[in-house]
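Asker: Starting off with a structure, shown below.
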Amino acid sequence: MVAGAANADLPPPPPTIPSNLKPELVAPPKYSIMTRPRGTGTTGRRIHLLANHFKVSVNNADAIFYQYSVHMTYEDKKTVVPGMGIGRKLMDRLYQTYSSEFAGTKFAYDGEKALYTVGPLPLHKLNFTVVLEDSFSRPQYGFTVPFPSLGHQNVTEKRLKRSVQSKTFNVEITYAAKIPLKPIALAFNGAEAVNAQDALRVLDIVLRQQAANRGCLLVRQSFFHDDSRCITKVDGGLSTVRGFHSSFRPTQGGLSLNMDVSTTLILTPGPVDKFLMDNLGVQDRRNIDWAKAKRMLKNLRIKTRHLNIEFKITGLSQKPCHEQYFPMKLKSDDGTKEGQTVDMTVYEYFTKHRGIVLTYSAYLPCLDVGKTKRPNYVPLELCSLVSLQRYKKALSSKQRASIVGNSRQRPQDRIRRLTETVRNYGYDDEPVLVACGISIEKKLTQIQGRVLEAPKLKVGNSYDCMPSNGKWNFNNKTFLNPKHIDKWVVVNFSLAKCDISRISRQLYDTGRNKGVRIARPLTLLDEEPQSRKQSPVVRVEKMFEQIQAKLPKQLLEKKFELDFILCVLPERKTSNIYGPWKKKCLVDLGIATQCISPQKTDITEPLSDQYLTNVLMKINSKLGGTNSLLATEDSGFVPLIKHNPTLILGMDVSHGPPGRSDIPSVAAVVGSLEWPLISRYRAAVRTQKVPKAEIIDSLYKPLESGEDDGIMSELLKDFYKTSKGRKPTQIIIFRDGVGESQFNQVLNEELLQIIKAYRHLEKVDAVPKFTVIVAQKNHNTKLFQTGSSQANVPPGTVVDTNIVHPRNYDFYMCAQYGLIGTSRPAHYHVLLNEIGFPADELQNLIHSLSYVYQRSTSAVSIVAPICYAHLAAAQVMQFIKFEDPSETSSGRGSVTSSESIPVPELPRLHENVRSSMFFC
């Protein structure tokens, strides 16, 4: 089989299968990523564009990178030196000391265990002794360390001088492999060059090394300068810093340098006490929670005011500065022999013997910058956090919004910054790039794109609705299939004054205009004040006790037979009520629920019609209604789908916050219902066996009983029920969240699970035809209109030439209209196309699937099935409550438990809502 060939059928299993062998155990064929078919898309209006790719010329394609392994040990030649942190300093000093041994050959070092040169070194194996000098201040005659340590102290002199402490290292460099540059040139011609990716990785290492030599913070292929103009303060003692992403990419147009503006979160540099107060949300130093502060500060780098030297924080003193003693050795008056050892407080040492005025440190703990058995204490007010220390803990919604907001740039501003950076950064002077004959153009790449026509929509009363600039509205229109709401309840958890009676009346009025008939709510309930101090789970239970007390007896006998519950929360996205509330409604009771948190909680003016319409769109979808359909979908004439029962899947995995290995990852797959429609979906959700694992492991899950408890079994059964018993002959898979290195796993692990699940359910050998598409939003390609405006591209823009992969089948699509900042197109990779979609029909289908998202009146940036999968995974993850991540993770690093943590099973949804669009 040629993977991805048009209309290529899956090869059948062996003609005869032993009766004792289950069909799902027959080994399916292995898949490979398809190559780009001949021809490109032709539909749509032509448009001239710019892309943030800078053309790269390679004038020495015959160059060969020689890879060497770097092994670093301390002086004993046994203890291995961790490369991270000290590796670059060691290699810089090595080259300064032994440049003749390298015969003038420059190298690229990855900061850990690999070194690359253009051409070979004189010998295959080289050994070096490297001395690194670590300078610090100390008294000229007395003190041996800059501030209190256990022992080795003397107070006879106060004059300071710069002292040098040397450490000796052994570095062994051994030849490992050759990596030719020529495969990159072959890749441009569509050939499968095995080593092309290796050569590109070396070129990216060159970029990282160049940024490291400039003192930048490195985050994968992004780099950030210590420039106050690029740093913006946000909430919680944190700041965003704006930098650049740079990487070499193979494209149809040749090698290009992809440059983009990048943003990350750092600790705000400055006084440590100010950072702690901001981070912990206190106004006075005396209110700092020092247990949390200790976890937050561990391993952070500080600079001391009195010495101007950097240190790493290892902990805090057990007692305040004026009570923390340490032993100090004295010398005799004539300085000829050691005198007695005295106990002295840190406060006394700095104020009396160093002459430093301390204004507030006496009653605060000291920072420990020493070792476990040899602490070194320094008062808090003498310490400042150094810049460019990345913050890696879980972010609040407000912090995430700050990052997004500070990373936005108008297209013309982004173009200007990128071209200035490429022009001024000195890539043409980088020795390794020069040795390869690599030069980089200083202007963005000009490309051609096409703008696809927006699909026509159908709304209520069979009216046509034509989107404009990727948007439409329901002004003077009704929903296509509105649901009636007879039995519903409004509950209010908001602490602010909130008139829920007025909200219910406004919802009623808006619903009438949109065709949704809403009866008066059965009851309106505010949370009892005494319940607000309870845990979120208890608060939810108490609220349902209030509901029970108010509902008619006949409804209670039917176990809460309500259409839905409207719930007013105190905060948007961050309320700890949300998870327990959703779990109670969707798992225990099977009631649809809509949570809102209007900004106008103290309502003096009506909520906007747009806000209420958006709320009603979600409610209508959850109750089984339809807000709008594609016109082709309404008439049953979606190309290549109308005659062939087609199941559309959207797949995504949602992970816990950074550093929380105890929180399971959650996989969600949504499947289409009611073929030939492509707008209705249901979701199946499972926990992953391994936290942070991206490849879904529960698509097929055979039990000892012989049943399949996997995700696909659920989705296939519901497809049959809602599609008049028809079984899918085609399955289109949209996968989100995987990188290029995982594409083969999507085909040979996830797809094969789907095949097994189908065969298990059907007890047949034949399987549907598949089209597998990976959608990526986390990439760094941006598109701009040419001309003086340099504006965002119009919605529907497609690019499938020039900047796409030279061999693999991919294209960029920007379905959404960019109002703020610079639009980022979705990057679609077609891994398999057994269905045989031509380029135009596939691109138009994907474009149309951006208009079927029932939660909004605008096209979404990526196909709706993926958006739904992301929503389902994120919502169901809230069912399991966990401790505050700040209790178990440090301020900068990840916390991974060495113990095996059992993965909790997610509770299954109640049968009343299991097949609904509860995630809308």
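A note on labels: chains of the structure tokens are A, B, ... as shown, every chain counts residues from 1, and ligands are counted from 1 in their shown order.
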Within 12 Å of range 910-913 of chain A, counting only C-alpha atoms, which residues qualify if same-chain residues fewer than 2 places away don't, as a PDB file with C-alpha atoms, in the first residue's frame?
Answerer:
ATOM      1  CA  LYS A 559     -35.128  12.662  40.802  1.00  0.00           C
ATOM      2  CA  PHE A 560     -34.667  16.276  39.771  1.00  0.00           C
ATOM      3  CA  GLU A 561     -36.325  16.128  36.367  1.00  0.00           C
ATOM      4  CA  LEU A 562     -35.191  19.602  35.322  1.00  0.00           C
ATOM      5  CA  ASP A 563     -34.376  20.893  31.852  1.00  0.00           C
ATOM      6  CA  PHE A 564     -31.366  22.826  33.105  1.00  0.00           C
ATOM      7  CA  LYS A 582     -20.436  20.515  37.075  1.00  0.00           C
ATOM      8  CA  LYS A 583     -19.698  17.095  38.589  1.00  0.00           C
ATOM      9  CA  LYS A 584     -22.862  17.154  40.710  1.00  0.00           C
ATOM     10  CA  CYS A 585     -25.045  18.163  37.771  1.00  0.00           C
ATOM     11  CA  LEU A 586     -23.504  16.064  34.999  1.00  0.00           C
ATOM     12  CA  VAL A 587     -22.416  12.944  36.890  1.00  0.00           C
ATOM     13  CA  ASP A 588     -24.767  12.554  39.830  1.00  0.00           C
ATOM     14  CA  LEU A 589     -28.017  14.051  38.551  1.00  0.00           C
ATOM     15  CA  GLY A 590     -27.775  14.209  34.762  1.00  0.00           C
ATOM     16  CA  ILE A 591     -28.950  17.830  34.494  1.00  0.00           C
ATOM     17  CA  ALA A 592     -27.641  20.264  31.889  1.00  0.00           C
ATOM     18  CA  THR A 593     -26.210  23.386  33.498  1.00  0.00           C
ATOM     19  CA  SER A 621     -26.807  23.339  22.136  1.00  0.00           C
ATOM     20  CA  LYS A 622     -26.614  21.510  25.476  1.00  0.00           C
ATOM     21  CA  LEU A 623     -30.339  20.766  25.352  1.00  0.00           C
ATOM     22  CA  GLY A 624     -30.061  19.240  21.878  1.00  0.00           C
ATOM     23  CA  ARG A 682     -20.829  14.071  21.534  1.00  0.00           C
ATOM     24  CA  ALA A 683     -17.732  13.496  23.657  1.00  0.00           C
ATOM     25  CA  ALA A 684     -16.080  10.551  25.398  1.00  0.00           C
ATOM     26  CA  GLU A 714     -19.025   4.826  22.807  1.00  0.00           C
ATOM     27  CA  PRO A 907     -16.495   9.388  36.852  1.00  0.00           C
ATOM     28  CA  ARG A 908     -18.718   8.639  33.859  1.00  0.00           C
ATOM     29  CA  SER A 915     -24.654  12.014  24.477  1.00  0.00           C
ATOM     30  CA  SER A 916     -25.310  15.738  24.780  1.00  0.00           C
ATOM     31  CA  MET A 917     -23.072  18.636  23.908  1.00  0.00           C
ATOM     32  CA  PHE A 918     -22.517  19.242  27.636  1.00  0.00           C
ATOM     33  CA  PHE A 919     -19.163  20.887  26.848  1.00  0.00           C
TER      34      PHE A 919
END
Asker: Considering only alpha helix (DSSP H) as DSSP defines it on the backbone, what residues of range 191-339 of chain A qualify? List them as a ChimeraX atom specification.
Answerer: /A:196-213,272-280,290-297
Asker: Output as an MDAnalysis selection string all residues of range 467-673 of chain A that backbone DSSP marks as strand (DSSP E).
Answerer: chainID A and resid 488:492 523:526 564:568 592:596 629:630 646:654 666:672
Asker: Do a neighbour search on Ser713 in chain A at 9 Å with only C-alpha atoms, toss out local chain neighbours closer than 2 positions, and write the hits as a PyMOL selection string.
Answerer: chain A and resi 699-701+708-711+715-718+754+757-758+760-761
Asker: Which neighbours of range 430-435 of chain A fall inside 7 Å, counting only C-alpha atoms, when residues of the same chain fewer than 6 positions from it are skipped, and could you give them as a PDB file with C-alpha atoms, in the first residue's frame?
Answerer:
ATOM      1  CA  LYS A 106      34.878  27.033  15.714  1.00  0.00           C
ATOM      2  CA  PHE A 107      32.219  24.845  17.260  1.00  0.00           C
ATOM      3  CA  VAL A 118      32.366  22.121  10.417  1.00  0.00           C
TER       4      VAL A 118
END
Asker: Show which residues sit within 6 Å of range 800-817 of chain A, as a ChimeraX atom specification. Count only C-alpha atoms, and ignore same-chain residues fewer than 2 positions away.
Answerer: /A:35-36,188,190,251-253,470,795-798,825-830,859-861
Asker: Give me the residues within 7 Å of range 606-614 of chain A as a VMD selection string, counting only C-alpha atoms and dropping any in the same chain fewer than 3 places off.
Answerer: chain A and resid 507 510 603 617 to 618 855 to 856
Asker: For the selection you just gave me, I'd like the residues written to a file as a PDB file, in the first residue's frame, keeping C-alpha atoms.
Answerer:
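So result-v1.pdb came out as:
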ATOM      1  CA  LEU A 507     -32.873  35.734  29.430  1.00  0.00           C
ATOM      2  CA  THR A 510     -33.781  37.342  24.597  1.00  0.00           C
ATOM      3  CA  ILE A 603     -26.817  45.215  37.718  1.00  0.00           C
ATOM      4  CA  MET A 617     -26.553  29.527  22.159  1.00  0.00           C
ATOM      5  CA  LYS A 618     -24.715  27.381  24.707  1.00  0.00           C
ATOM      6  CA  ARG A 855     -20.947  28.572  20.873  1.00  0.00           C
ATOM      7  CA  SER A 856     -20.227  31.665  18.809  1.00  0.00           C
TER       8      SER A 856
END
Asker: What lies within 7 Å of range 640-650 of chain A using only C-alpha atoms, ignoring chain neighbours under 2 positions off, as a PyMOL selection string?
Answerer: chain A and resi 636-638+652+669-672+675-676+726-735+865-866+869
Asker: Any chance you can output those residues with N, CA and C atoms as an mmCIF file, in the first residue's frame?
Answerer:
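part-v8.cif written:
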data_model
loop_
_atom_site.group_PDB
_atom_site.id
_atom_site.type_symbol
_atom_site.label_atom_id
_atom_site.label_comp_id
_atom_site.auth_asym_id
_atom_site.auth_seq_id
_atom_site.Cartn_x
_atom_site.Cartn_y
_atom_site.Cartn_z
ATOM 1 N N GLY A 636 -28.103 18.511 2.883
ATOM 2 C CA GLY A 636 -27.563 17.157 2.781
ATOM 3 C C GLY A 636 -26.615 16.965 1.622
ATOM 4 N N PHE A 637 -25.922 18.029 1.193
ATOM 5 C CA PHE A 637 -25.044 17.919 0.027
ATOM 6 C C PHE A 637 -23.607 18.328 0.322
ATOM 7 N N VAL A 638 -23.092 17.933 1.475
ATOM 8 C CA VAL A 638 -21.683 18.182 1.762
ATOM 9 C C VAL A 638 -20.855 17.269 0.859
ATOM 10 N N ASP A 652 -8.120 15.425 21.472
ATOM 11 C CA ASP A 652 -7.201 16.312 22.187
ATOM 12 C C ASP A 652 -6.911 15.717 23.557
ATOM 13 N N VAL A 669 -12.290 12.757 23.081
ATOM 14 C CA VAL A 669 -12.553 12.581 21.656
ATOM 15 C C VAL A 669 -14.023 12.888 21.418
ATOM 16 N N VAL A 670 -14.299 13.781 20.493
ATOM 17 C CA VAL A 670 -15.685 14.041 20.111
ATOM 18 C C VAL A 670 -15.948 13.384 18.772
ATOM 19 N N GLY A 671 -17.157 12.873 18.615
ATOM 20 C CA GLY A 671 -17.551 12.226 17.369
ATOM 21 C C GLY A 671 -18.828 12.832 16.844
ATOM 22 N N SER A 672 -18.946 12.962 15.534
ATOM 23 C CA SER A 672 -20.135 13.565 14.935
ATOM 24 C C SER A 672 -21.323 12.620 15.045
ATOM 25 N N TRP A 675 -25.443 11.792 10.936
ATOM 26 C CA TRP A 675 -25.025 11.908 9.535
ATOM 27 C C TRP A 675 -26.261 12.059 8.654
ATOM 28 N N PRO A 676 -26.228 12.936 7.639
ATOM 29 C CA PRO A 676 -25.072 13.619 7.032
ATOM 30 C C PRO A 676 -24.715 14.964 7.662
ATOM 31 N N ARG A 726 -26.842 3.406 10.117
ATOM 32 C CA ARG A 726 -25.763 3.331 9.129
ATOM 33 C C ARG A 726 -24.418 3.317 9.839
ATOM 34 N N LYS A 727 -23.515 2.504 9.361
ATOM 35 C CA LYS A 727 -22.161 2.433 9.916
ATOM 36 C C LYS A 727 -21.232 3.280 9.049
ATOM 37 N N PRO A 728 -20.267 3.920 9.681
ATOM 38 C CA PRO A 728 -19.406 4.802 8.886
ATOM 39 C C PRO A 728 -18.532 4.017 7.911
ATOM 40 N N THR A 729 -18.535 4.455 6.683
ATOM 41 C CA THR A 729 -17.606 3.907 5.694
ATOM 42 C C THR A 729 -16.388 4.804 5.550
ATOM 43 N N GLN A 730 -16.462 5.989 6.157
ATOM 44 C CA GLN A 730 -15.350 6.938 6.144
ATOM 45 C C GLN A 730 -15.211 7.532 7.547
ATOM 46 N N ILE A 731 -13.990 7.695 8.002
ATOM 47 C CA ILE A 731 -13.735 8.363 9.274
ATOM 48 C C ILE A 731 -12.666 9.426 9.055
ATOM 49 N N ILE A 732 -13.018 10.668 9.377
ATOM 50 C CA ILE A 732 -12.070 11.775 9.264
ATOM 51 C C ILE A 732 -11.621 12.115 10.678
ATOM 52 N N ILE A 733 -10.315 12.083 10.917
ATOM 53 C CA ILE A 733 -9.759 12.313 12.247
ATOM 54 C C ILE A 733 -9.003 13.638 12.251
ATOM 55 N N PHE A 734 -9.392 14.514 13.172
ATOM 56 C CA PHE A 734 -8.654 15.760 13.403
ATOM 57 C C PHE A 734 -7.970 15.633 14.760
ATOM 58 N N ARG A 735 -6.660 15.688 14.768
ATOM 59 C CA ARG A 735 -5.877 15.494 16.000
ATOM 60 C C ARG A 735 -5.173 16.791 16.363
ATOM 61 N N PRO A 865 -14.514 20.429 15.720
ATOM 62 C CA PRO A 865 -14.352 19.193 16.504
ATOM 63 C C PRO A 865 -13.159 19.245 17.458
ATOM 64 N N ILE A 866 -12.087 19.890 17.062
ATOM 65 C CA ILE A 866 -10.938 20.022 17.962
ATOM 66 C C ILE A 866 -11.261 20.980 19.103
ATOM 67 N N ALA A 869 -13.302 19.043 21.564
ATOM 68 C CA ALA A 869 -12.504 18.078 22.329
ATOM 69 C C ALA A 869 -11.725 18.775 23.427
#
Asker: I need the residue nearest Thr632 in chain A from this list: A:Leu457, A:Gly579, A:Gln546, A:Cys595. Use only C-alpha atoms for the distance.
Answerer: A:Leu457
Asker: Could you check how far CA of Val459 in chain A sits from CA of Phe479 in chain A, in Å to one decimal?
Answerer: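 Answer for the CA of Val459 in chain A to CA of Phe479 in chain A separation: 5.6 Å.
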Asker: Just give me the gap between CA of Phe169 in chain A and CA of Glu133 in chain A in Å, one decimal is fine.
Answerer: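 Spanning CA of Phe169 in chain A to CA of Glu133 in chain A is a straight-line distance of 11.1 Å.
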Asker: Kindly give the distance, in Å, that separates CA of Tyr425 in chain A and CA of Tyr66 in chain A, rounded to a single decimal.
Answerer: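 Distance reported for this atom pair: 25.9 Å.
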